[in-house]
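Enquirer: mmCIF, C-alpha atoms, file structure-v2.cif:
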```cif
data_input
loop_
_atom_site.label_atom_id
_atom_site.label_comp_id
_atom_site.auth_asym_id
_atom_site.auth_seq_id
_atom_site.Cartn_x
_atom_site.Cartn_y
_atom_site.Cartn_z
CA MET A 114 -42.47 -7.13 38.76
CA THR A 115 -42.68 -7.65 35.00
CA PRO A 116 -39.82 -9.50 33.30
CA PRO A 117 -37.36 -7.18 31.52
CA ASP A 118 -38.15 -6.62 27.86
CA LEU A 119 -35.09 -7.92 25.98
CA ALA A 120 -35.88 -5.97 22.82
CA GLU A 121 -36.11 -2.77 24.82
CA ILE A 122 -32.75 -3.45 26.50
CA TRP A 123 -31.16 -4.13 23.09
CA VAL A 124 -32.52 -0.89 21.66
CA TYR A 125 -31.00 0.95 24.62
CA LEU A 126 -27.65 -0.88 24.41
CA ALA A 127 -27.35 -0.59 20.62
CA GLN A 128 -27.12 3.19 20.96
CA LYS A 129 -24.25 3.05 23.46
CA PRO A 130 -20.69 3.44 22.07
CA LEU A 131 -19.62 0.70 24.49
CA THR A 132 -21.66 -1.87 22.55
CA GLY A 133 -20.07 -1.12 19.16
CA LEU A 134 -16.60 -1.17 20.69
CA THR A 135 -17.19 -4.43 22.59
CA LEU A 136 -18.73 -6.04 19.51
CA THR A 137 -15.70 -5.10 17.37
CA LEU A 138 -13.13 -6.52 19.80
CA SER A 139 -15.15 -9.65 20.59
CA ALA A 140 -15.81 -10.48 16.93
CA TYR A 141 -12.11 -10.06 16.16
CA VAL A 142 -11.14 -12.32 19.08
CA ILE A 143 -13.48 -15.00 17.69
CA GLY A 144 -12.04 -14.52 14.18
CA ASP A 145 -8.49 -14.72 15.50
CA TRP A 146 -9.34 -17.87 17.48
CA ILE A 147 -10.74 -19.58 14.35
CA TYR A 148 -7.64 -18.48 12.39
CA GLU A 149 -5.32 -19.94 15.06
CA LYS A 150 -7.34 -23.17 15.23
CA SER A 151 -7.06 -23.59 11.45
CA SER A 152 -3.26 -23.15 11.76
CA HIS A 153 -3.43 -19.86 9.84
CA HIS A 154 -5.40 -21.02 6.83
CA PRO A 155 -5.40 -18.03 4.45
CA LEU A 156 -9.11 -18.40 3.70
CA LEU A 157 -9.97 -18.11 7.40
CA ASN A 158 -8.46 -14.66 7.88
CA PRO A 159 -9.80 -13.01 11.09
CA VAL A 160 -10.84 -9.78 9.34
CA PRO A 161 -13.55 -11.14 7.01
CA ILE A 162 -14.79 -13.41 9.83
CA ALA A 163 -15.13 -10.46 12.23
CA ILE A 164 -16.79 -8.34 9.53
CA ALA A 165 -19.27 -11.10 8.66
CA LEU A 166 -20.14 -11.69 12.36
CA ILE A 167 -20.77 -8.01 13.08
CA ALA A 168 -22.55 -7.22 9.80
CA GLY A 169 -24.70 -10.33 10.28
CA LEU A 170 -25.67 -9.35 13.83
CA LEU A 171 -26.47 -5.75 12.83
CA TRP A 172 -28.52 -6.95 9.87
CA LEU A 173 -30.46 -9.45 12.01
CA THR A 174 -31.22 -6.91 14.74
CA GLY A 175 -31.82 -4.01 12.33
CA VAL A 176 -29.27 -1.74 14.00
CA PRO A 177 -28.01 0.91 11.54
CA TYR A 178 -24.30 0.98 10.68
CA THR A 179 -23.98 4.55 12.01
CA ASP A 180 -25.10 3.44 15.51
CA TYR A 181 -22.47 0.70 15.47
CA PHE A 182 -19.80 3.08 14.17
CA ASP A 183 -20.39 5.46 17.12
CA GLY A 184 -18.57 2.91 19.24
CA ALA A 185 -16.31 1.33 16.63
CA GLN A 186 -14.83 4.71 15.69
CA PHE A 187 -12.44 4.43 18.64
CA VAL A 188 -10.81 1.46 16.93
CA HIS A 189 -11.10 3.08 13.48
CA PHE A 190 -9.31 6.18 14.78
CA LEU A 191 -6.14 4.15 15.45
CA LEU A 192 -5.62 3.64 11.68
CA GLY A 193 -3.93 7.06 11.56
CA PRO A 194 -1.40 6.43 14.37
CA ALA A 195 -0.83 2.91 12.97
CA THR A 196 0.17 4.41 9.60
CA VAL A 197 2.66 6.70 11.37
CA ALA A 198 3.96 3.70 13.37
CA LEU A 199 4.82 1.89 10.09
CA ALA A 200 7.93 4.12 10.06
CA VAL A 201 9.38 1.91 12.81
CA PRO A 202 9.54 -1.47 10.95
CA LEU A 203 10.61 0.46 7.84
CA TYR A 204 13.53 1.89 9.80
CA GLN A 205 14.37 -1.51 11.31
CA GLN A 206 14.77 -2.94 7.81
CA LEU A 207 17.06 -0.15 6.66
CA ASP A 208 20.00 -2.57 6.28
CA ILE A 209 18.13 -4.79 3.80
CA LEU A 210 17.00 -1.68 1.98
CA LYS A 211 20.60 -0.53 1.59
CA LYS A 212 21.90 -3.95 0.48
CA SER A 213 19.39 -4.78 -2.25
CA GLY A 214 18.44 -1.13 -2.78
CA PRO A 215 18.04 -0.51 -6.52
CA ALA A 216 16.42 -3.88 -7.34
CA LEU A 217 14.09 -3.57 -4.39
CA LEU A 218 13.02 -0.02 -5.16
CA ALA A 219 12.49 -0.83 -8.85
CA GLY A 220 10.39 -3.87 -7.88
CA VAL A 221 8.24 -1.88 -5.46
CA LEU A 222 7.80 1.03 -7.85
CA LEU A 223 6.83 -1.04 -10.89
CA GLY A 224 4.76 -3.39 -8.72
CA SER A 225 2.99 -0.49 -7.07
CA MET A 226 2.09 1.15 -10.39
CA SER A 227 1.05 -2.16 -11.99
CA ALA A 228 -1.18 -2.98 -8.97
CA ALA A 229 -2.94 0.39 -9.15
CA GLY A 230 -2.89 0.42 -12.97
CA CYS A 231 -4.35 -3.09 -13.32
CA ALA A 232 -7.03 -2.34 -10.72
CA TRP A 233 -8.00 0.76 -12.67
CA GLY A 234 -7.76 -0.92 -16.09
CA PHE A 235 -9.74 -4.05 -15.21
CA ALA A 236 -12.40 -2.06 -13.34
CA VAL A 237 -12.87 0.24 -16.35
CA LEU A 238 -12.83 -2.75 -18.72
CA GLY A 239 -15.51 -4.51 -16.66
CA GLY A 240 -17.70 -1.40 -16.73
CA ALA A 241 -17.50 -0.37 -13.06
CA SER A 242 -19.02 2.90 -11.83
CA THR A 243 -16.74 5.88 -11.18
CA GLU A 244 -17.06 5.52 -7.39
CA THR A 245 -16.08 1.85 -7.54
CA ILE A 246 -13.12 2.59 -9.85
CA LEU A 247 -11.81 5.29 -7.51
CA SER A 248 -12.29 3.01 -4.49
CA ILE A 249 -10.56 -0.02 -6.03
CA ILE A 250 -7.37 1.70 -7.31
CA PRO A 251 -5.50 1.51 -3.95
CA LYS A 252 -6.70 -2.08 -3.24
CA SER A 253 -3.16 -3.52 -2.84
CA VAL A 254 -2.13 -0.92 -0.24
CA THR A 255 -2.45 -1.57 3.50
CA ALA A 256 -5.96 -0.49 4.57
CA ALA A 257 -4.81 2.38 6.79
CA ILE A 258 -3.20 4.11 3.81
CA ALA A 259 -5.58 2.82 1.12
CA MET A 260 -8.58 4.42 2.80
CA GLY A 261 -6.76 7.75 2.92
CA ILE A 262 -5.92 7.48 -0.80
CA ALA A 263 -9.53 6.55 -1.71
CA ASP A 264 -10.72 9.55 0.26
CA GLN A 265 -8.29 11.82 -1.62
CA LEU A 266 -9.38 10.45 -5.02
CA GLY A 267 -13.09 10.81 -4.23
CA GLY A 268 -13.83 7.11 -3.69
CA LEU A 269 -15.60 5.48 -0.74
CA PRO A 270 -13.14 4.60 2.07
CA SER A 271 -15.46 1.95 3.56
CA LEU A 272 -15.76 0.20 0.17
CA THR A 273 -11.97 0.39 -0.16
CA ALA A 274 -11.55 -1.35 3.21
CA VAL A 275 -13.62 -4.29 1.95
CA LEU A 276 -11.77 -4.44 -1.39
CA VAL A 277 -8.40 -4.28 0.39
CA ALA A 278 -9.33 -7.26 2.57
CA LEU A 279 -10.52 -9.23 -0.50
CA THR A 280 -7.28 -8.41 -2.34
CA GLY A 281 -5.14 -9.50 0.60
CA ILE A 282 -6.92 -12.84 0.86
CA THR A 283 -6.74 -13.42 -2.91
CA GLY A 284 -3.02 -12.60 -2.95
CA ALA A 285 -2.26 -14.81 0.05
CA VAL A 286 -4.11 -17.79 -1.47
CA LEU A 287 -3.18 -17.52 -5.17
CA GLY A 288 0.11 -15.59 -4.96
CA PRO A 289 2.39 -18.54 -4.08
CA LEU A 290 0.84 -20.59 -6.93
CA VAL A 291 1.58 -17.84 -9.47
CA LEU A 292 5.14 -17.45 -8.12
CA ASN A 293 5.71 -21.21 -8.47
CA LEU A 294 4.35 -21.19 -12.02
CA ALA A 295 6.77 -18.38 -12.91
CA HIS A 296 9.68 -20.33 -11.30
CA ILE A 297 10.65 -17.47 -8.96
CA LYS A 298 13.38 -19.02 -6.81
CA ASP A 299 14.48 -15.92 -4.89
CA TRP A 300 12.86 -15.53 -1.44
CA ARG A 301 13.43 -11.79 -1.60
CA ALA A 302 11.44 -11.51 -4.84
CA ARG A 303 8.67 -13.79 -3.55
CA GLY A 304 8.33 -11.79 -0.32
CA LEU A 305 8.49 -8.44 -2.07
CA ALA A 306 5.72 -9.46 -4.48
CA MET A 307 3.44 -10.63 -1.66
CA GLY A 308 3.99 -7.41 0.30
CA VAL A 309 3.38 -5.14 -2.69
CA ALA A 310 0.28 -6.89 -4.03
CA ALA A 311 -1.32 -8.29 -0.85
CA HIS A 312 -0.18 -5.89 1.95
CA GLY A 313 -0.47 -7.16 5.56
CA ILE A 314 -2.30 -10.40 4.78
CA GLY A 315 0.31 -11.33 2.16
CA THR A 316 3.09 -10.31 4.58
CA ALA A 317 1.70 -12.52 7.34
CA ARG A 318 1.66 -15.42 4.87
CA ALA A 319 5.24 -14.73 3.68
CA MET A 320 6.47 -14.58 7.29
CA GLN A 321 5.10 -18.07 7.96
CA VAL A 322 6.97 -19.51 4.98
CA ASN A 323 10.43 -17.92 5.19
CA PRO A 324 12.06 -15.18 7.35
CA VAL A 325 13.77 -13.47 4.39
CA ALA A 326 10.49 -13.42 2.47
CA GLY A 327 8.74 -12.04 5.57
CA ALA A 328 11.20 -9.17 6.00
CA PHE A 329 10.96 -8.21 2.33
CA ALA A 330 7.18 -8.43 2.40
CA GLY A 331 6.96 -6.11 5.41
CA LEU A 332 9.29 -3.63 3.80
CA ALA A 333 7.39 -3.84 0.50
CA MET A 334 4.07 -3.18 2.25
CA GLY A 335 5.38 0.04 3.81
CA LEU A 336 7.15 1.29 0.68
CA ASN A 337 4.21 0.43 -1.56
CA GLY A 338 1.90 2.42 0.74
CA LEU A 339 4.23 5.39 0.51
CA ALA A 340 4.75 5.10 -3.28
CA THR A 341 1.03 4.69 -4.06
CA ALA A 342 0.02 7.50 -1.71
CA ILE A 343 2.45 9.88 -3.42
CA LEU A 344 2.20 8.78 -7.08
CA VAL A 345 -1.46 7.84 -7.65
CA PRO A 346 -3.02 11.15 -6.52
CA LEU A 347 -0.26 12.96 -8.42
CA ILE A 348 -0.97 11.07 -11.67
CA PHE A 349 -4.68 11.74 -11.19
CA ALA A 350 -4.06 15.44 -10.65
CA LEU A 351 -1.92 15.58 -13.82
CA LEU A 352 -4.45 13.70 -15.96
CA SER A 353 -7.56 15.61 -14.90
CA MET B 150 4.82 4.38 26.45
CA ILE B 151 2.69 7.53 26.78
CA ARG B 152 5.64 9.62 25.67
CA TYR B 153 6.00 7.67 22.43
CA LEU B 154 2.27 7.54 21.86
CA ALA B 155 2.33 11.33 22.14
CA LEU B 156 5.23 11.43 19.67
CA ILE B 157 3.29 9.31 17.15
CA LEU B 158 0.22 11.54 17.52
CA ILE B 159 2.36 14.67 17.15
CA CYS B 160 3.81 13.28 13.87
CA GLN B 161 0.30 12.53 12.62
CA LEU B 162 -0.98 15.96 13.63
CA ALA B 163 2.00 17.60 11.90
CA GLY B 164 1.29 15.46 8.80
CA GLU B 165 -2.40 16.38 8.76
CA THR B 166 -1.53 20.06 9.24
CA ILE B 167 0.94 20.00 6.34
CA GLN B 168 -1.65 18.22 4.18
CA VAL B 169 -4.36 20.80 4.90
CA ALA B 170 -1.99 23.76 4.60
CA THR B 171 -0.35 22.73 1.31
CA HIS B 172 -3.29 20.84 -0.29
CA ILE B 173 -0.93 18.04 -1.36
CA THR B 174 -2.73 14.81 -2.14
CA VAL B 175 -0.72 12.50 0.14
CA PRO B 176 -2.81 11.44 3.20
CA GLY B 177 -1.78 13.25 6.41
CA PRO B 178 -0.81 10.07 8.33
CA VAL B 179 1.54 9.07 5.46
CA ILE B 180 3.29 12.44 5.78
CA GLY B 181 3.45 11.75 9.53
CA MET B 182 5.10 8.39 8.77
CA ALA B 183 7.71 10.14 6.59
CA ILE B 184 8.36 12.68 9.39
CA LEU B 185 8.91 9.92 11.98
CA PHE B 186 11.12 7.96 9.56
CA CYS B 187 13.30 11.03 8.88
CA GLY B 188 13.48 11.68 12.62
CA LEU B 189 14.82 8.15 13.18
CA LEU B 190 17.36 8.58 10.36
CA ILE B 191 18.61 11.82 11.92
CA ARG B 192 18.70 10.34 15.43
CA ARG B 193 20.46 7.18 14.11
CA GLY B 194 18.75 4.82 16.50
CA LEU B 195 15.38 3.45 17.57
CA PRO B 196 14.33 4.14 21.19
CA GLN B 197 13.22 0.91 22.89
CA GLY B 198 9.99 2.54 24.07
CA LEU B 199 9.06 3.62 20.55
CA GLN B 200 9.68 0.12 19.24
CA ALA B 201 7.38 -1.31 21.94
CA THR B 202 4.65 1.30 21.37
CA ALA B 203 4.68 1.02 17.56
CA GLY B 204 4.86 -2.76 17.81
CA GLY B 205 1.82 -2.75 20.11
CA ILE B 206 -0.25 -0.72 17.63
CA LEU B 207 0.91 -2.70 14.57
CA LYS B 208 0.57 -6.16 16.12
CA HIS B 209 -3.16 -6.08 15.53
CA LEU B 210 -3.18 -3.80 12.50
CA SER B 211 -5.87 -5.91 10.85
CA LEU B 212 -8.28 -5.33 13.79
CA LEU B 213 -8.23 -1.64 12.95
CA PHE B 214 -10.00 -2.05 9.63
CA VAL B 215 -12.90 -4.10 10.96
CA PRO B 216 -15.13 -1.04 11.70
CA ALA B 217 -14.69 0.33 8.16
CA GLY B 218 -15.06 -3.18 6.72
CA VAL B 219 -18.46 -3.63 8.41
CA GLY B 220 -19.42 -0.74 6.14
CA VAL B 221 -19.76 -3.45 3.47
CA MET B 222 -23.37 -3.56 4.71
CA LEU B 223 -23.91 -0.24 3.01
CA HIS B 224 -22.39 -1.53 -0.25
CA VAL B 225 -24.19 -4.84 -0.78
CA PRO B 226 -26.24 -3.53 -3.75
CA ARG B 227 -23.06 -2.16 -5.33
CA LEU B 228 -21.19 -5.45 -4.90
CA GLU B 229 -24.13 -7.29 -6.47
CA ASP B 230 -24.29 -4.90 -9.44
CA GLU B 231 -20.57 -4.65 -10.04
CA TRP B 232 -19.20 -8.05 -9.03
CA TRP B 233 -17.69 -8.65 -12.48
CA PRO B 234 -15.37 -5.60 -12.74
CA ILE B 235 -14.47 -6.04 -9.03
CA LEU B 236 -13.54 -9.69 -9.58
CA LEU B 237 -11.48 -8.76 -12.67
CA ALA B 238 -9.59 -6.04 -10.80
CA ILE B 239 -8.92 -8.20 -7.75
CA VAL B 240 -8.01 -11.61 -9.19
CA PRO B 241 -6.07 -11.09 -12.45
CA GLY B 242 -5.11 -7.55 -11.36
CA THR B 243 -3.41 -8.76 -8.18
CA MET B 244 -1.74 -11.71 -9.93
CA ILE B 245 -0.20 -9.42 -12.57
CA ALA B 246 1.14 -7.09 -9.85
CA ILE B 247 2.67 -10.10 -8.02
CA LEU B 248 4.34 -11.32 -11.22
CA ILE B 249 5.75 -7.94 -12.25
CA THR B 250 7.15 -7.20 -8.76
CA ALA B 251 8.75 -10.65 -8.41
CA LEU B 252 10.24 -10.66 -11.92
CA VAL B 253 11.76 -7.18 -11.57
CA MET B 254 13.27 -7.99 -8.17
CA GLU B 255 14.59 -11.37 -9.32
CA ARG B 256 16.20 -10.07 -12.53
CA LEU B 257 17.75 -6.94 -11.01
CA GLY B 258 18.66 -8.61 -7.72
CA ARG B 259 20.81 -11.44 -9.11
CA ALA B 260 24.08 -9.64 -8.34
CA THR B 261 23.25 -9.18 -4.65
CA MET B 262 21.68 -12.61 -4.05
CA ARG B 263 22.91 -14.47 -0.96
CA ALA B 264 22.75 -18.21 -0.22
CA GLU B 265 19.84 -17.77 2.19
CA ASP B 266 17.79 -16.01 -0.49
CA GLN B 267 17.69 -19.13 -2.69
CA VAL B 268 14.50 -21.22 -2.47
#
```
If you took the structure in this file and wrote it as structure tokens, what would it be?

Expert:
Amino acid sequence: MTPPDLAEIWVYLAQKPLTGLTLTLSAYVIGDWIYEKSSHHPLLNPVPIAIALIAGLLWLTGVPYTDYFDGAQFVHFLLGPATVALAVPLYQQLDILKKSGPALLAGVLLGSMSAAGCAWGFAVLGGASTETILSIIPKSVTAAIAMGIADQLGGLPSLTAVLVALTGITGAVLGPLVLNLAHIKDWRARGLAMGVAAHGIGTARAMQVNPVAGAFAGLAMGLNGLATAILVPLIFALLS
Amino acid sequence: MIRYLALILICQLAGETIQVATHITVPGPVIGMAILFCGLLIRRGLPQGLQATAGGILKHLSLLFVPAGVGVMLHVPRLEDEWWPILLAIVPGTMIAILITALVMERLGRATMRAEDQV
């Protein structure tokens, strides 16, 4: 009996949806483990680690992204239901919303428009291509919603996912420094800003620091997603 | 669990249907989120099972964008060509958004500030 040809087995396995799905979950478990071990260091976020592990493996073995996505699409599909599920934490924070209502809504609305506006302005200023500009506009919105917005605008949802992750990490690392420099001494304002500008990654960071900041960040993430999804495509439709 | 998963999928399906039927530019799942939120407001209460199901999906929200993120492989040339505008949009762009949000909330929220809100 001849020994099994490993390359042949890999070629066979790489085309199975099971492989892409297993790879996605395993890489994320490794990323999450590293993140836990580093006591939640913002630079060691599990998402970029998992992405780097999988992309590296696919690149090394020459497996095309579409073969991987055949399996990973089962995870990707859950982005839709997860967006719907965001209604639950939003509803749970209804009391906070009522108490600090006008200030909170004004903060989210202006923050939301400045996040999208700055992304657009700086990308245009730096001479980005149209596809990149359209993909980067919703960068501060949670990925599930941002990818939907990019798709609506005519951007590339997969590029948006990468830009969203980069934005979240940047916000989580540099955000607290900027807030300290500006002498913001209100946990609600600090949390709200992290949730608006750095979505889930910023929210996770705010939750570790202070419970009030965490609640406001979570609320801001949901409201910003809603505001951007409604306003940005509307503004685009009016301007074009 | 299955009942609430079905409910979430029904909201999404309704959202997607409304989006396709009316051609509005809001993504279907966001409309689904609004439908579920309104439903909870009308019902005036959160069923325990829905809280558990939604919590289960959202607990690992970041896992869900790994497959799309691996798509970065397809965009390496773009990131190399356009790293400068991307860096500008992400670093100063995000910092400005953080500042504006925090300043607006702090200034307008002074009247309603509680002791536990103070850093």

Enquirer: Quick one: residues within 9 Å of A:Leu238, all atoms listed in the file, excluding same-chain residues fewer than 5 positions away - as a PDB file with C-alpha atoms, in the frame of the given file?

Expert:
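File written: result_27.pdb
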```pdb
ATOM      1  CA  TRP A 233      -8.000   0.760 -12.670  1.00  0.00           C
TER       2      TRP A 233
ATOM      3  CA  PRO B 234     -15.370  -5.600 -12.740  1.00  0.00           C
ATOM      4  CA  LEU B 237     -11.480  -8.760 -12.670  1.00  0.00           C
TER       5      LEU B 237
END
```

Enquirer: For chain B, report every residue with an atom at most 6 Å from chain A (counting all atoms listed in the file), formatted as a PyMOL selection string.

Expert: chain B and resi 174-176+178+181-182+186+203+206+213+215-220+234+237-239+242-243+246-247+249-251+253-255+257-258+266-268

Enquirer: Can you work out the spacing between atom CA of A:Leu156 and atom CA of A:Gly315 in Å, to one decimal?

Expert: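 Separating atom CA of A:Leu156 from atom CA of A:Gly315 is a distance of 11.9 Å.
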
Enquirer: For the provided coordinates, the residues matched by the PyMOL selection byres ((chain B and resi 202) around 9) should be stated as a ChimeraX atom specification.

Expert: /A:198 /B:150-151,153-154,197-201,203-207

Enquirer: What are the centre and the three edge lengths of an axis-aligned box that wraps all atoms of stretch 309-316 of chain A in the file, given that 3 Å is added to every side, written as JSON and rounded to one decimal in Å?

Expert:
```
{"center_x": 0.5, "center_y": -8.2, "center_z": 0.8, "size_x": 11.7, "size_y": 12.2, "size_z": 15.6}
```

Enquirer: What is the atom CA of B:Ala183 to atom CA of A:Gly331 distance in Å?

Expert: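 Rounded to one decimal, the two atoms are 16.3 Å apart.
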
Enquirer: Would you compute the distance between atom CA of B:Leu185 and atom CA of B:Ser211? Give it in Å to one decimal.

Expert: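 These atoms are spaced 21.7 Å apart.
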